[in-house]
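coords_23.cif follows (mmCIF, C-alpha atoms):
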```cif
data_query
#
loop_
_atom_site.label_atom_id
_atom_site.label_comp_id
_atom_site.auth_asym_id
_atom_site.auth_seq_id
_atom_site.Cartn_x
_atom_site.Cartn_y
_atom_site.Cartn_z
CA MET A 1 91.98 49.91 88.50
CA ALA A 2 89.92 47.99 91.07
CA SER A 3 86.33 48.99 91.48
CA THR A 4 85.18 50.74 94.62
CA ILE A 5 82.44 49.18 96.73
CA LEU A 6 80.55 51.40 99.13
CA ASN A 7 78.57 49.93 101.99
CA ALA A 8 76.04 52.35 103.43
CA PRO A 9 72.63 52.04 105.06
CA CYS A 10 69.77 52.82 102.71
CA THR A 11 66.28 53.15 104.10
CA VAL A 12 63.18 53.56 101.90
CA PRO A 13 60.12 54.85 103.78
CA SER A 14 57.20 52.46 103.85
CA VAL A 15 53.91 53.28 102.13
CA LYS A 16 51.27 53.68 104.80
CA GLY A 17 48.50 51.13 104.55
CA PHE A 18 50.12 49.23 101.64
CA ASP A 19 49.55 45.50 102.19
CA THR A 20 51.88 43.47 99.99
CA GLN A 21 49.98 40.28 100.58
CA ASN A 22 47.04 41.47 98.44
CA TYR A 23 49.02 42.37 95.32
CA SER A 24 50.53 39.85 93.00
CA GLY A 25 53.95 40.89 91.75
CA LEU A 26 54.81 42.97 94.83
CA ARG A 27 57.19 41.51 97.39
CA PRO A 28 59.22 42.96 100.25
CA THR A 29 62.97 42.85 99.89
CA SER A 30 65.62 43.25 102.57
CA SER A 31 68.62 43.84 100.38
CA LEU A 32 69.33 46.30 97.67
CA ARG A 33 72.27 46.47 95.33
CA PHE A 34 72.99 49.12 92.75
CA ASN A 35 75.62 48.84 90.05
CA SER A 36 76.65 51.74 87.89
CA GLY A 37 79.80 51.47 85.84
CA ARG A 38 82.66 50.76 88.24
CA THR A 39 80.84 51.95 91.33
CA SER A 40 78.29 49.96 93.26
CA PHE A 41 76.78 49.92 96.70
CA SER A 42 74.60 47.59 98.63
CA GLY A 43 72.39 48.28 101.58
CA ARG A 44 69.35 47.14 103.44
CA SER A 45 65.83 48.39 103.07
CA GLN A 46 62.96 47.67 105.40
CA HIS A 47 60.10 48.36 102.98
CA LEU A 48 61.03 48.19 99.31
CA PHE A 49 58.65 46.61 96.78
CA VAL A 50 59.55 45.19 93.40
CA VAL A 51 56.90 45.19 90.64
CA LYS A 52 57.28 42.45 88.02
CA ALA A 53 56.17 43.98 84.73
CA SER A 54 55.52 40.54 83.24
CA GLU A 55 52.70 39.99 85.69
CA ARG A 56 50.80 43.13 84.62
CA HIS A 57 48.08 42.66 82.03
CA GLU A 58 46.30 45.43 80.10
CA GLY A 59 47.29 48.02 82.65
CA HIS A 60 45.84 46.14 85.63
CA VAL A 61 47.58 43.89 88.16
CA LYS A 62 45.88 40.50 88.14
CA LYS A 63 46.15 37.65 90.60
CA VAL A 64 47.90 34.60 89.12
CA ASP A 65 46.22 31.32 90.07
CA MET A 66 48.29 28.88 87.98
CA SER A 67 51.55 29.12 86.11
CA ILE A 68 51.76 28.41 82.38
CA GLU A 69 53.36 25.05 83.14
CA GLU A 70 50.54 24.09 85.50
CA CYS A 71 47.92 25.09 82.90
CA GLU A 72 49.62 23.00 80.23
CA ALA A 73 49.92 20.02 82.59
CA ALA A 74 46.20 20.23 83.39
CA VAL A 75 45.29 20.13 79.71
CA VAL A 76 47.63 17.20 79.06
CA ALA A 77 45.99 15.34 81.97
CA GLY A 78 42.58 15.81 80.36
CA ASN A 79 41.44 18.61 82.67
CA ALA A 80 40.93 21.30 80.02
CA PRO A 81 38.92 24.33 81.18
CA GLU A 82 35.39 24.69 79.89
CA ALA A 83 34.66 26.97 76.93
CA PRO A 84 31.28 28.46 75.99
CA PRO A 85 29.00 25.92 74.32
CA VAL A 86 28.58 25.75 70.53
CA PRO A 87 25.54 27.89 69.65
CA PRO A 88 22.51 25.96 68.43
CA LYS A 89 21.69 25.94 64.72
CA PRO A 90 19.13 28.64 63.98
CA ALA A 91 15.69 27.24 63.20
CA ALA A 92 14.17 27.68 59.76
CA PRO A 93 10.63 29.05 59.52
CA VAL A 94 7.72 26.63 59.65
CA GLY A 95 6.99 25.21 56.22
CA THR A 96 10.59 25.29 54.98
CA PRO A 97 11.07 22.20 52.78
CA VAL A 98 13.46 19.52 53.97
CA ILE A 99 15.93 18.87 51.16
CA GLN A 100 19.35 17.47 50.47
CA PRO A 101 21.92 20.30 50.31
CA LEU A 102 23.07 21.24 46.82
CA GLN A 103 26.47 19.77 46.01
CA LEU A 104 28.25 23.03 45.24
CA SER A 105 32.01 23.36 45.23
CA ARG A 106 31.74 27.14 44.99
CA ARG A 107 29.40 29.24 47.11
CA PRO A 108 30.18 32.96 46.59
CA ARG A 109 27.89 33.88 49.48
CA ARG A 110 30.48 32.51 51.91
CA ASN A 111 32.55 35.65 51.34
CA ARG A 112 29.57 37.93 52.00
CA ARG A 113 28.17 36.49 55.21
CA SER A 114 29.42 39.16 57.63
CA PRO A 115 30.37 42.84 57.54
CA ALA A 116 33.98 41.97 58.38
CA LEU A 117 34.28 39.52 55.49
CA ARG A 118 32.61 41.90 53.06
CA ALA A 119 35.05 44.63 54.07
CA SER A 120 37.99 42.23 53.67
CA PHE A 121 37.11 41.38 50.08
CA GLN A 122 35.88 44.78 48.89
CA GLU A 123 37.47 45.42 45.51
CA THR A 124 36.85 49.17 45.23
CA SER A 125 37.54 51.81 47.84
CA ILE A 126 36.75 55.50 48.02
CA SER A 127 38.18 58.31 50.12
CA PRO A 128 37.97 62.11 50.29
CA ALA A 129 41.25 62.23 48.34
CA ASN A 130 39.31 60.98 45.29
CA PHE A 131 37.04 64.04 45.25
CA VAL A 132 37.38 67.34 43.42
CA TYR A 133 34.88 69.87 44.77
CA PRO A 134 33.27 72.15 42.15
CA LEU A 135 32.60 75.62 43.59
CA PHE A 136 30.63 78.46 42.04
CA ILE A 137 31.90 81.97 42.74
CA HIS A 138 30.66 85.49 42.08
CA GLU A 139 31.67 89.07 42.74
CA GLY A 140 29.19 89.61 45.57
CA GLN A 141 30.00 89.31 49.25
CA GLU A 142 26.95 87.22 50.15
CA ASP A 143 26.52 83.54 49.36
CA THR A 144 23.51 83.08 47.08
CA PRO A 145 21.63 79.73 47.05
CA ILE A 146 21.17 78.00 43.69
CA GLY A 147 17.53 77.01 43.35
CA ALA A 148 18.05 73.99 41.09
CA MET A 149 20.92 72.63 43.22
CA PRO A 150 19.86 72.35 46.88
CA GLY A 151 22.83 72.85 49.20
CA CYS A 152 24.93 74.64 46.56
CA TYR A 153 25.66 78.37 46.47
CA ARG A 154 27.28 81.05 44.43
CA LEU A 155 29.98 81.87 46.94
CA GLY A 156 31.40 85.31 47.55
CA TRP A 157 35.01 84.99 46.46
CA ARG A 158 36.43 86.90 49.45
CA HIS A 159 34.75 85.09 52.33
CA GLY A 160 32.29 82.32 51.42
CA LEU A 161 34.77 80.63 49.10
CA VAL A 162 37.52 80.59 51.71
CA GLU A 163 35.15 79.25 54.38
CA GLU A 164 33.85 76.48 52.13
CA VAL A 165 37.37 75.40 51.16
CA ALA A 166 38.33 75.31 54.85
CA LYS A 167 35.36 73.03 55.59
CA ALA A 168 36.34 70.70 52.76
CA ARG A 169 39.96 70.51 53.89
CA ASP A 170 38.84 69.63 57.41
CA VAL A 171 37.44 66.34 56.08
CA GLY A 172 40.24 65.53 53.63
CA VAL A 173 39.02 67.16 50.39
CA ASN A 174 41.97 69.21 49.17
CA SER A 175 41.10 69.64 45.49
CA ILE A 176 38.61 72.12 44.06
CA VAL A 177 37.55 73.40 40.66
CA LEU A 178 36.28 76.96 40.19
CA PHE A 179 33.35 78.12 38.04
CA PRO A 180 32.65 81.88 37.83
CA LYS A 181 29.36 83.76 37.50
CA VAL A 182 30.60 86.67 35.39
CA PRO A 183 28.68 89.99 35.31
CA ASP A 184 26.76 90.35 32.06
CA ALA A 185 28.43 93.71 31.41
CA LEU A 186 31.80 91.95 31.09
CA LYS A 187 30.61 89.36 28.60
CA SER A 188 31.42 89.74 24.90
CA PRO A 189 31.21 87.71 21.67
CA THR A 190 34.93 86.87 21.92
CA GLY A 191 35.00 86.30 25.69
CA ASP A 192 38.02 88.51 26.33
CA GLU A 193 37.29 88.65 30.07
CA ALA A 194 38.38 85.00 30.22
CA TYR A 195 42.05 86.03 30.20
CA ASN A 196 41.87 89.15 32.35
CA ASP A 197 44.66 88.65 34.91
CA ASN A 198 42.63 90.58 37.46
CA GLY A 199 39.39 88.79 36.64
CA LEU A 200 37.27 86.87 39.12
CA VAL A 201 38.97 83.48 38.72
CA PRO A 202 42.61 84.71 38.87
CA ARG A 203 41.78 86.81 41.94
CA ALA A 204 40.14 83.84 43.65
CA ILE A 205 43.11 81.59 42.83
CA ARG A 206 45.59 84.05 44.31
CA LEU A 207 43.49 84.44 47.45
CA LEU A 208 43.17 80.68 47.96
CA LYS A 209 46.86 80.04 47.35
CA ASP A 210 47.68 82.72 49.91
CA LYS A 211 45.42 81.07 52.50
CA PHE A 212 46.06 77.41 51.58
CA PRO A 213 49.35 77.00 49.68
CA ASP A 214 48.97 73.23 49.32
CA LEU A 215 45.40 73.37 47.97
CA VAL A 216 45.10 71.77 44.51
CA ILE A 217 43.20 74.18 42.26
CA TYR A 218 41.62 73.04 39.00
CA THR A 219 40.20 75.65 36.63
CA ASP A 220 37.69 75.55 33.81
CA VAL A 221 39.02 76.63 30.42
CA ALA A 222 36.08 77.59 28.20
CA LEU A 223 34.44 80.75 26.94
CA ASP A 224 30.79 80.09 27.85
CA PRO A 225 30.84 81.94 31.22
CA TYR A 226 32.38 84.96 29.44
CA SER A 227 30.51 84.81 26.14
CA SER A 228 27.53 87.01 25.43
CA ASP A 229 26.30 84.17 23.23
CA GLY A 230 26.60 81.52 25.99
CA HIS A 231 28.62 79.17 23.80
CA ASP A 232 32.00 77.61 24.52
CA GLY A 233 33.53 79.33 21.52
CA ILE A 234 33.35 82.34 19.25
CA VAL A 235 30.15 82.30 17.18
CA ARG A 236 30.20 83.32 13.52
CA GLU A 237 27.26 85.31 12.16
CA ASP A 238 25.81 82.15 10.60
CA GLY A 239 25.82 80.39 13.98
CA VAL A 240 28.94 78.27 13.37
CA ILE A 241 31.28 77.89 16.37
CA MET A 242 34.75 78.91 15.16
CA ASN A 243 37.31 76.31 16.22
CA ASP A 244 40.83 77.65 15.70
CA GLU A 245 40.02 81.22 16.72
CA THR A 246 38.43 79.89 19.90
CA VAL A 247 41.54 77.81 20.65
CA HIS A 248 43.62 81.00 20.41
CA GLN A 249 41.47 82.56 23.15
CA LEU A 250 41.59 79.43 25.29
CA CYS A 251 45.38 79.43 25.27
CA LYS A 252 45.44 82.96 26.67
CA GLN A 253 42.87 81.96 29.29
CA ALA A 254 44.90 78.92 30.40
CA VAL A 255 48.11 80.97 30.68
CA SER A 256 46.31 83.61 32.74
CA GLN A 257 45.03 80.96 35.15
CA ALA A 258 48.46 79.35 35.42
CA ARG A 259 50.00 82.75 36.10
CA ALA A 260 47.58 83.19 39.01
CA GLY A 261 48.65 79.85 40.52
CA ALA A 262 46.35 77.18 39.07
CA ASP A 263 47.67 73.63 39.41
CA VAL A 264 45.51 72.01 36.71
CA VAL A 265 43.81 73.75 33.78
CA SER A 266 40.79 71.92 32.39
CA PRO A 267 39.66 72.69 28.83
CA SER A 268 35.96 71.80 28.74
CA ASP A 269 35.15 73.40 25.39
CA MET A 270 35.63 70.34 23.13
CA MET A 271 37.35 72.32 20.37
CA ASP A 272 39.64 70.25 18.16
CA GLY A 273 43.37 70.59 18.88
CA ARG A 274 43.01 72.70 22.01
CA VAL A 275 45.01 70.39 24.31
CA GLY A 276 48.14 70.55 22.18
CA ALA A 277 47.84 74.30 21.69
CA ILE A 278 47.35 74.91 25.42
CA ARG A 279 50.30 72.66 26.25
CA ALA A 280 52.52 74.62 23.89
CA ALA A 281 51.29 77.96 25.26
CA LEU A 282 51.87 76.92 28.87
CA ASP A 283 55.34 75.60 28.14
CA ALA A 284 56.29 78.74 26.22
CA GLU A 285 55.43 80.83 29.29
CA GLY A 286 57.39 78.58 31.68
CA PHE A 287 54.38 76.71 33.07
CA ASN A 288 55.49 73.21 32.12
CA HIS A 289 54.64 72.09 35.67
CA VAL A 290 50.94 72.93 35.21
CA SER A 291 48.81 69.90 34.34
CA ILE A 292 46.03 69.62 31.78
CA MET A 293 42.85 67.73 32.60
CA SER A 294 41.07 67.45 29.29
CA TYR A 295 37.31 67.05 29.07
CA THR A 296 37.97 64.21 26.66
CA ALA A 297 34.49 62.72 26.34
CA LYS A 298 32.07 65.55 27.09
CA TYR A 299 28.65 64.66 25.77
CA ALA A 300 25.90 67.02 24.62
CA SER A 301 23.84 65.94 27.60
CA SER A 302 20.53 67.04 29.08
CA PHE A 303 21.97 66.53 32.57
CA TYR A 304 23.67 69.95 32.58
CA GLY A 305 20.56 72.08 33.16
CA PRO A 306 21.07 73.07 36.82
CA PHE A 307 24.72 74.01 36.14
CA ARG A 308 23.71 76.48 33.47
CA GLU A 309 21.28 78.08 35.89
CA ALA A 310 24.09 78.35 38.44
CA LEU A 311 26.30 80.29 36.01
CA ASP A 312 23.54 81.90 33.95
CA SER A 313 25.34 80.52 30.89
CA ASN A 314 22.60 79.00 28.72
CA PRO A 315 23.29 79.37 25.00
CA ARG A 316 21.48 82.41 23.61
CA PHE A 317 20.47 80.28 20.62
CA GLY A 318 20.86 76.73 19.37
CA ASP A 319 22.64 73.98 21.24
CA LYS A 320 26.15 72.59 21.66
CA LYS A 321 25.83 69.49 19.52
CA THR A 322 28.34 70.59 16.87
CA TYR A 323 31.20 70.43 19.37
CA GLN A 324 30.07 68.23 22.27
CA MET A 325 29.73 64.49 21.64
CA ASN A 326 26.61 62.61 20.59
CA PRO A 327 25.29 60.63 23.61
CA ALA A 328 24.68 57.68 21.26
CA ASN A 329 28.38 57.31 20.42
CA TYR A 330 30.83 54.96 22.16
CA ARG A 331 33.79 54.40 19.82
CA GLU A 332 34.11 58.13 19.17
CA ALA A 333 35.39 58.52 22.74
CA LEU A 334 38.51 56.59 21.71
CA ILE A 335 39.20 59.08 18.91
CA GLU A 336 39.05 61.96 21.40
CA ALA A 337 41.15 60.08 23.95
CA HIS A 338 43.90 59.21 21.47
CA ALA A 339 44.04 62.82 20.28
CA ASP A 340 44.24 64.23 23.82
CA GLU A 341 46.93 61.75 24.85
CA SER A 342 49.07 62.55 21.84
CA GLU A 343 48.67 66.30 22.45
CA GLY A 344 49.90 66.10 26.04
CA ALA A 345 46.89 65.72 28.32
CA ASP A 346 47.71 64.56 31.84
CA ILE A 347 44.18 63.48 32.88
CA LEU A 348 41.21 62.37 30.76
CA LEU A 349 37.71 63.30 31.93
CA VAL A 350 34.29 61.84 31.11
CA LYS A 351 31.19 64.00 31.52
CA PRO A 352 28.48 63.23 32.67
CA GLY A 353 29.39 60.45 35.08
CA LEU A 354 26.82 57.85 36.10
CA PRO A 355 24.96 57.60 32.76
CA TYR A 356 28.33 57.08 31.03
CA LEU A 357 29.95 54.36 33.13
CA ASP A 358 30.70 52.38 29.97
CA ILE A 359 32.77 55.27 28.62
CA ILE A 360 34.69 55.57 31.88
CA ARG A 361 35.49 51.86 31.73
CA LEU A 362 36.45 52.12 28.06
CA LEU A 363 38.99 54.86 28.70
CA ARG A 364 40.27 53.13 31.82
CA GLU A 365 41.04 49.99 29.81
CA LYS A 366 42.51 51.79 26.82
CA SER A 367 44.57 54.55 28.44
CA PRO A 368 47.35 54.54 31.05
CA LEU A 369 46.45 58.10 32.06
CA PRO A 370 44.41 58.92 35.17
CA ILE A 371 40.68 59.01 34.46
CA ALA A 372 38.32 61.61 35.93
CA ALA A 373 34.53 61.51 36.01
CA TYR A 374 32.23 64.48 36.48
CA GLN A 375 29.07 63.71 38.46
CA VAL A 376 27.18 66.62 36.94
CA SER A 377 24.51 68.95 38.30
CA GLY A 378 21.59 66.92 36.94
CA GLU A 379 22.81 63.77 38.70
CA TYR A 380 23.28 65.71 41.93
CA SER A 381 19.88 67.42 41.79
CA MET A 382 18.00 64.19 41.06
CA ILE A 383 19.49 62.49 44.12
CA LYS A 384 18.76 65.55 46.25
CA ALA A 385 15.17 65.71 45.00
CA GLY A 386 14.62 62.00 45.58
CA GLY A 387 15.92 62.38 49.11
CA VAL A 388 13.66 65.35 49.88
CA LEU A 389 10.64 63.41 48.60
CA LYS A 390 11.66 60.39 50.73
CA MET A 391 11.72 58.22 47.61
CA ILE A 392 15.30 57.19 48.30
CA ASP A 393 17.81 57.29 51.13
CA GLU A 394 19.85 60.27 49.94
CA GLU A 395 23.05 59.42 51.78
CA ARG A 396 23.10 55.77 50.73
CA VAL A 397 22.35 56.58 47.10
CA MET A 398 24.96 59.34 47.12
CA MET A 399 27.67 56.99 48.37
CA GLU A 400 26.61 54.17 46.03
CA SER A 401 26.69 56.48 43.01
CA LEU A 402 30.21 57.64 43.88
CA MET A 403 31.37 54.08 44.45
CA CYS A 404 29.98 53.10 41.03
CA LEU A 405 32.06 55.81 39.38
CA ARG A 406 35.15 54.52 41.16
CA ARG A 407 34.33 50.93 40.25
CA ALA A 408 34.00 51.86 36.58
CA GLY A 409 37.57 53.19 36.67
CA ALA A 410 37.52 56.83 37.75
CA ASP A 411 40.59 57.86 39.75
CA ILE A 412 39.06 61.20 40.71
CA ILE A 413 35.45 62.38 40.78
CA LEU A 414 34.26 65.94 40.35
CA THR A 415 31.14 66.01 42.51
CA TYR A 416 28.98 68.56 44.29
CA PHE A 417 28.62 65.91 47.00
CA ALA A 418 32.34 66.15 47.84
CA LEU A 419 31.90 67.82 51.24
CA GLN A 420 28.83 65.81 52.25
CA ALA A 421 30.34 62.50 51.13
CA ALA A 422 33.67 63.21 52.83
CA ARG A 423 31.88 63.96 56.09
CA CYS A 424 30.05 60.67 55.72
CA LEU A 425 33.32 58.81 55.14
CA CYS A 426 34.82 60.52 58.19
CA GLY A 427 31.87 59.43 60.33
CA GLU A 428 30.34 62.85 60.85
CA LYS A 429 26.61 63.32 61.21
CA ARG A 430 24.69 64.88 58.35
#
```
For the structure just supplied, provide its representation as structure tokens.
Amino acid sequence: MASTILNAPCTVPSVKGFDTQNYSGLRPTSSLRFNSGRTSFSGRSQHLFVVKASERHEGHVKKVDMSIEECEAAVVAGNAPEAPPVPPKPAAPVGTPVIQPLQLSRRPRRNRRSPALRASFQETSISPANFVYPLFIHEGQEDTPIGAMPGCYRLGWRHGLVEEVAKARDVGVNSIVLFPKVPDALKSPTGDEAYNDNGLVPRAIRLLKDKFPDLVIYTDVALDPYSSDGHDGIVREDGVIMNDETVHQLCKQAVSQARAGADVVSPSDMMDGRVGAIRAALDAEGFNHVSIMSYTAKYASSFYGPFREALDSNPRFGDKKTYQMNPANYREALIEAHADESEGADILLVKPGLPYLDIIRLLREKSPLPIAAYQVSGEYSMIKAGGVLKMIDEERVMMESLMCLRRAGADIILTYFALQAARCLCGEKR
């Protein structure tokens, strides 16, 4: 079928005061032709302007002085346009010796000479996704400041906890670990409150999962917050920490936390064989999707002091040296790591963090599992105190310390600086 051609007058009103002579890319046209499928029409227009998109630059119409061909011809003829002059060589201070340059084939400083180059070649990066935020909770409704840890609080589990988690999520921190301040009246020698399904931690987990379903919740598996003796295990009358009986209690605690919605249970007790027993207990209850982050190399450190004040969980007698590792030992960390791997741990943790960078690196090189580091309360409080006393730049030292943990091999970092550091990374003001 032949196409139909319609001839009809088509008049486009002129734009008042629009001078086409002053705008490159705009030109009057006297003819107009439209084609659409098999139908087309042509007409005449008195004032129609065509804008050439190729002559628009960065959103502004610019006047074109020379075509590309004319510019190239000028350069070929030796009429290249002038560029800014080469800057002069900066002068050395008076008295600088005049020497022959060293004949060096390798000058590492070349890759450090500007912020852009340093950023290009940075080997280690850090982001809010690397942080796990430890949060202290209690039964009260008010948030109570912790004297030994400036900026940290015992949060009321109903309101303060939810608000703090919301702040962390706003800057990209979506992983937390909970530590409860348990009422003394609920503490006992066997720590039975640890596996109360309606206890403080299970209630807080259920509340957080209701508010933030995608929040990653780590929990602490240990008896010390629930023990009237303040130890991580059941204490025999002669002061010995009972291993296997404690593991039995820890399994019930881990299952209770998983039942409430925990994503990762974290045995911090350092009892022998607890990872395998917890794995078996979780699997038997249908929680094979719940991960285990084992405190693999937890040292009997003096850096834990402020934490124990926060939870009021100091040992009633003695110390924890019969189950936590000797700070002088290095190779022993491999024994613990091999045991935890074989028993089913998903993540291996080193605690404390900064004083034990060599242990973090050791596990990173020897294990394919993710490595966690805990920047503990003593590390946090020292940096805070140094900042208050103006001895150090708190923010710079904070970020450097976290970067050092990442450089040593930590995939995730448990740190009380999580919110502050994430805000720094996001460019927020302190």
Note to self: Restricting the calculation to all atoms listed in the file: of A:Thr322, A:Ser301, A:Thr96, A:Ser256, which residue gets closest to Glu193 (chain A)?
What the structure shows: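 Going through A:Thr322, A:Ser301, A:Thr96, A:Ser256 one by one, the smallest distance to Glu193 (chain A) is for A:Ser256.
Atom to atom, CA of Leu419 (chain A) and CA of Ser175 (chain A) stand 11.0 Å apart.
Residues lying within 8 Å of Ala281 (chain A), counting only C-alpha atoms and ignoring same-chain neighbours fewer than 5 positions away, are Cys251, Lys252 and Val255 of chain A.
You can rank A:Phe131, A:Ser367, A:Asp143, A:Gly199 by their closest distance to Gly172 (chain A) using all atoms listed in the file, and at the top of that list sits A:Phe131.
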Next item on the list: State, in Å with one decimal place, the distance from CA of Phe417 (chain A) to CA of Gly151 (chain A).
Entry: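 CA of Gly151 (chain A) lies at a distance of 9.3 Å from CA of Phe417 (chain A).
Rounded to one decimal, CA of Ala194 (chain A) and CA of Thr246 (chain A) lie 11.5 Å from each other.
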Next item on the list: Could you check which of A:Pro128, A:Gly147, A:Pro101, A:Pro115 is closest to Cys426 (chain A), using all atoms listed in the file?
Entry: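 Ranking A:Pro128, A:Gly147, A:Pro101, A:Pro115 by distance to Cys426 (chain A), first place goes to A:Pro128.
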Note to self: When you count only C-alpha atoms, which of these residues is closest to Glu341 (chain A): A:Gln100, A:Gln122, A:Thr296, A:Gln375?
What the structure shows: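 Smallest distance to Glu341 (chain A) is found for A:Thr296.
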Checklist line | Nearest candidate to Cys152 (chain A) (options A:Phe287, A:Phe121, A:Phe317, A:Tyr416; using all atoms listed in the file) | finding: A:Tyr416
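Across A:Ile234, A:Val376, A:Val86, A:Leu186, the tightest approach to Pro306 (chain A) is made by A:Val376 when counting all atoms listed in the file.
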Note to self: Taking the file as I've supplied it (selection: the PyMOL selection byres ((chain A and resi 184) around 12)), which residues are included? Please answer as an MDAnalysis selection string.
What the structure shows: chainID A and resid 138:139 180:183 185:189 191 193 224:230 311:313
Residues just named, written with C-alpha atoms as a compact mmCIF listing (two decimals), in the coordinates of the input:
```
# COMPACT_ATOMS: atom_id res chain seq x y z
CA HIS A 138 30.66 85.49 42.08
CA GLU A 139 31.67 89.07 42.74
CA PRO A 180 32.65 81.88 37.83
CA LYS A 181 29.36 83.76 37.50
CA VAL A 182 30.60 86.67 35.39
CA PRO A 183 28.68 89.99 35.31
CA ALA A 185 28.43 93.71 31.41
CA LEU A 186 31.80 91.95 31.09
CA LYS A 187 30.61 89.36 28.60
CA SER A 188 31.42 89.74 24.90
CA PRO A 189 31.21 87.71 21.67
CA GLY A 191 35.00 86.30 25.69
CA GLU A 193 37.29 88.65 30.07
CA ASP A 224 30.79 80.09 27.85
CA PRO A 225 30.84 81.94 31.22
CA TYR A 226 32.38 84.96 29.44
CA SER A 227 30.51 84.81 26.14
CA SER A 228 27.53 87.01 25.43
CA ASP A 229 26.30 84.17 23.23
CA GLY A 230 26.60 81.52 25.99
CA LEU A 311 26.30 80.29 36.01
CA ASP A 312 23.54 81.90 33.95
CA SER A 313 25.34 80.52 30.89
```
